[in-house]
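Q: One structure coming up, written as structure tokens, with questions to follow.
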Amino acid sequence: IGLFIIHRQSARRGYLLLFLATYLALLIGWRGLAPFPFPIYPIFMLVNAFIGTLPFLLDRLLRKRLGDGFANTLVFPLVGTALEFLTVGSGPLGSFGAAAYTQHAIAPLGQLASVGGLWAISFLVTWFASVLYWAVDRHLAGEAYIRGALACALAVGLALGWGGWRLQGAASGEVDQMVT
């Protein structure tokens, strides 16, 4: 939804709306969970809202310069994953707040962390969102989008299939046999 908000109006207005919505959601959603007392908590969430919405703004600004090709779908996930790696991965709270944790209920997807860490999951999830926005935008403009959408679906399907295969092997003991 964030990509639709920031791309469907001026960059300034879109970013402001997205930032405010994100800040309010963080204030409410993390209340009682973030390890900070009141005076620090709203400031911490303000910084998190800025960092969390920055990839949307950069996607908006860079996509216009790069044209309208499928490669543009990589801007949002590359910027988002890099920023998350630099901020979440090197912070004093460890991986606290990593986007990959939002996918904890999808066990096969979690297996992707064994190959690329949490960042591989964050990248795949944000790339899916970027491709979805791109496909809808192209569809509304009457332009081709099926091949790009299928490429993303194939990547997600392979990640889920491989993760499911790993989990199945672990349940049956085959993973132990493969390692030894």
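Within each chain, counting starts at residue 1; across the structure tokens, chains are named A, B, ... in the order shown, with ligands numbered 1 upward in that order.
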Let's see if you can do this: from backbone DSSP, list all helix (DSSP H, G or I) residues in chain A, as JSON, numbers by chain.
A: {"A": [2, 3, 4, 5, 6, 7, 11, 12, 13, 14, 15, 16, 17, 18, 19, 20, 21, 22, 23, 24, 25, 26, 27, 28, 29, 41, 42, 43, 44, 45, 46, 47, 48, 49, 50, 51, 52, 53, 54, 55, 56, 57, 58, 59, 60, 61, 62, 63, 64, 65, 66, 70, 71, 72, 73, 74, 75, 76, 77, 78, 79, 80, 81, 82, 83, 84, 85, 86, 87, 99, 100, 101, 102, 103, 107, 108, 109, 110, 113, 114, 115, 116, 117, 118, 119, 120, 121, 122, 123, 124, 125, 126, 127, 128, 129, 130, 131, 132, 133, 134, 135, 136, 137, 138, 139, 140, 146, 147, 148, 149, 150, 151, 152, 153, 154, 155, 156, 157, 158, 159, 160, 161, 162, 163, 164, 165, 166, 167, 168, 169, 170, 171, 172, 174, 175, 176, 177, 178, 179]}
Q: Measuring between only C-alpha atoms, which one of A:Asn72, A:Gln111, A:Ser122, A:Ser130 shows the shortest distance to A:Leu160?
A: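 The answer is A:Gln111, which sits nearest to A:Leu160.
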Q: Write out as a PyMOL selection string each polymer residue whose atoms come within 6 Å of A:Pro77, counting only C-alpha atoms; drop sequence neighbours fewer than 6 positions from it.
A: chain A and resi 123+126-127
Q: With N, CA and C atoms retained, could you export that selection as a PDB file, in the first residue's frame?
A:
ATOM      1  N   PHE A 123      14.343  -8.989   1.284  1.00  0.00           N
ATOM      2  CA  PHE A 123      14.444  -8.663  -0.130  1.00  0.00           C
ATOM      3  C   PHE A 123      13.304  -9.293  -0.926  1.00  0.00           C
ATOM      4  N   THR A 126       9.880  -7.590  -0.166  1.00  0.00           N
ATOM      5  CA  THR A 126       9.752  -6.238  -0.721  1.00  0.00           C
ATOM      6  C   THR A 126       9.790  -6.253  -2.249  1.00  0.00           C
ATOM      7  N   TRP A 127      10.497  -7.219  -2.832  1.00  0.00           N
ATOM      8  CA  TRP A 127      10.481  -7.334  -4.293  1.00  0.00           C
ATOM      9  C   TRP A 127       9.093  -7.745  -4.767  1.00  0.00           C
TER      10      TRP A 127
END
Q: Considering only C-alpha atoms, can you say which of A:Ala135, A:Ile106, A:Ala170, A:Ala141 comes closest to A:Ala153?
A: A:Ala135
Q: Write out as a list in words each polymer residue whose atoms come within 12 Å of A:Leu78, counting only C-alpha atoms; drop sequence neighbours fewer than 4 positions from it.
A: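 Those residues are Pro55, Phe56, Leu58, Asp59, Leu62, Ala71, Asn72, Thr73, Leu74, Ala82, Leu83, Glu84, Phe85, Trp119, Ala120, Ser122, Phe123, Leu124, Val125, Thr126, Trp127 and Ser130 of chain A.
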Q: Can you tell me which residues surround stretch 15-31 of chain A at a distance of at most 9 Å, considering only C-alpha atoms, apart from same-chain residues fewer than 5 positions away, and format the answer as a PyMOL selection string?
A: chain A and resi 2+5-6+10+41-42+45-50+52-54+56-57
Q: Please dump the current selection as a PDB file, in the first residue's frame; keep N, CA and C atoms.
A:
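part.pdb, written as the output of this step:
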ATOM      1  N   GLY A   2       2.015   1.171   0.679  1.00  0.00           N
ATOM      2  CA  GLY A   2       2.906   2.329   0.747  1.00  0.00           C
ATOM      3  C   GLY A   2       3.377   2.787  -0.619  1.00  0.00           C
ATOM      4  N   ILE A   5       0.589   4.701  -2.221  1.00  0.00           N
ATOM      5  CA  ILE A   5       0.425   6.029  -1.612  1.00  0.00           C
ATOM      6  C   ILE A   5       1.451   7.007  -2.164  1.00  0.00           C
ATOM      7  N   ILE A   6       2.705   6.612  -2.201  1.00  0.00           N
ATOM      8  CA  ILE A   6       3.752   7.562  -2.571  1.00  0.00           C
ATOM      9  C   ILE A   6       3.843   7.790  -4.071  1.00  0.00           C
ATOM     10  N   SER A  10       1.934  13.712  -5.364  1.00  0.00           N
ATOM     11  CA  SER A  10       3.256  14.342  -5.347  1.00  0.00           C
ATOM     12  C   SER A  10       4.140  13.620  -4.339  1.00  0.00           C
ATOM     13  N   TYR A  41      10.749   6.625  23.874  1.00  0.00           N
ATOM     14  CA  TYR A  41       9.945   5.793  22.977  1.00  0.00           C
ATOM     15  C   TYR A  41       9.407   6.543  21.747  1.00  0.00           C
ATOM     16  N   PRO A  42       8.732   7.701  21.893  1.00  0.00           N
ATOM     17  CA  PRO A  42       8.221   8.381  20.693  1.00  0.00           C
ATOM     18  C   PRO A  42       9.324   8.865  19.756  1.00  0.00           C
ATOM     19  N   MET A  45      10.576   5.810  17.839  1.00  0.00           N
ATOM     20  CA  MET A  45       9.625   5.455  16.786  1.00  0.00           C
ATOM     21  C   MET A  45       9.640   6.475  15.645  1.00  0.00           C
ATOM     22  N   LEU A  46       9.934   7.722  15.966  1.00  0.00           N
ATOM     23  CA  LEU A  46      10.070   8.754  14.933  1.00  0.00           C
ATOM     24  C   LEU A  46      11.242   8.414  14.001  1.00  0.00           C
ATOM     25  N   VAL A  47      12.346   8.021  14.592  1.00  0.00           N
ATOM     26  CA  VAL A  47      13.518   7.621  13.807  1.00  0.00           C
ATOM     27  C   VAL A  47      13.200   6.372  12.988  1.00  0.00           C
ATOM     28  N   ASN A  48      12.525   5.404  13.614  1.00  0.00           N
ATOM     29  CA  ASN A  48      12.149   4.184  12.895  1.00  0.00           C
ATOM     30  C   ASN A  48      11.188   4.473  11.749  1.00  0.00           C
ATOM     31  N   ALA A  49      10.273   5.389  11.953  1.00  0.00           N
ATOM     32  CA  ALA A  49       9.338   5.751  10.878  1.00  0.00           C
ATOM     33  C   ALA A  49      10.095   6.392   9.724  1.00  0.00           C
ATOM     34  N   PHE A  50      11.060   7.225  10.018  1.00  0.00           N
ATOM     35  CA  PHE A  50      11.866   7.846   8.962  1.00  0.00           C
ATOM     36  C   PHE A  50      12.646   6.790   8.191  1.00  0.00           C
ATOM     37  N   GLY A  52      12.072   3.586   8.050  1.00  0.00           N
ATOM     38  CA  GLY A  52      11.153   2.657   7.398  1.00  0.00           C
ATOM     39  C   GLY A  52      10.490   3.201   6.147  1.00  0.00           C
ATOM     40  N   THR A  53      10.331   4.515   6.073  1.00  0.00           N
ATOM     41  CA  THR A  53       9.672   5.106   4.906  1.00  0.00           C
ATOM     42  C   THR A  53      10.653   5.651   3.874  1.00  0.00           C
ATOM     43  N   LEU A  54      11.906   5.742   4.235  1.00  0.00           N
ATOM     44  CA  LEU A  54      12.920   6.240   3.305  1.00  0.00           C
ATOM     45  C   LEU A  54      13.008   5.409   2.014  1.00  0.00           C
ATOM     46  N   PHE A  56      10.674   3.990   0.402  1.00  0.00           N
ATOM     47  CA  PHE A  56       9.533   4.370  -0.435  1.00  0.00           C
ATOM     48  C   PHE A  56       9.836   5.675  -1.173  1.00  0.00           C
ATOM     49  N   LEU A  57      10.404   6.626  -0.437  1.00  0.00           N
ATOM     50  CA  LEU A  57      10.740   7.908  -1.048  1.00  0.00           C
ATOM     51  C   LEU A  57      11.831   7.739  -2.112  1.00  0.00           C
TER      52      LEU A  57
END
Q: Compare A:Leu109, A:Leu3, A:Leu33, A:Val131 by their minimum atom-to-atom distance to A:Leu158, counting only C-alpha atoms, and give me the closest one.
A: A:Leu109
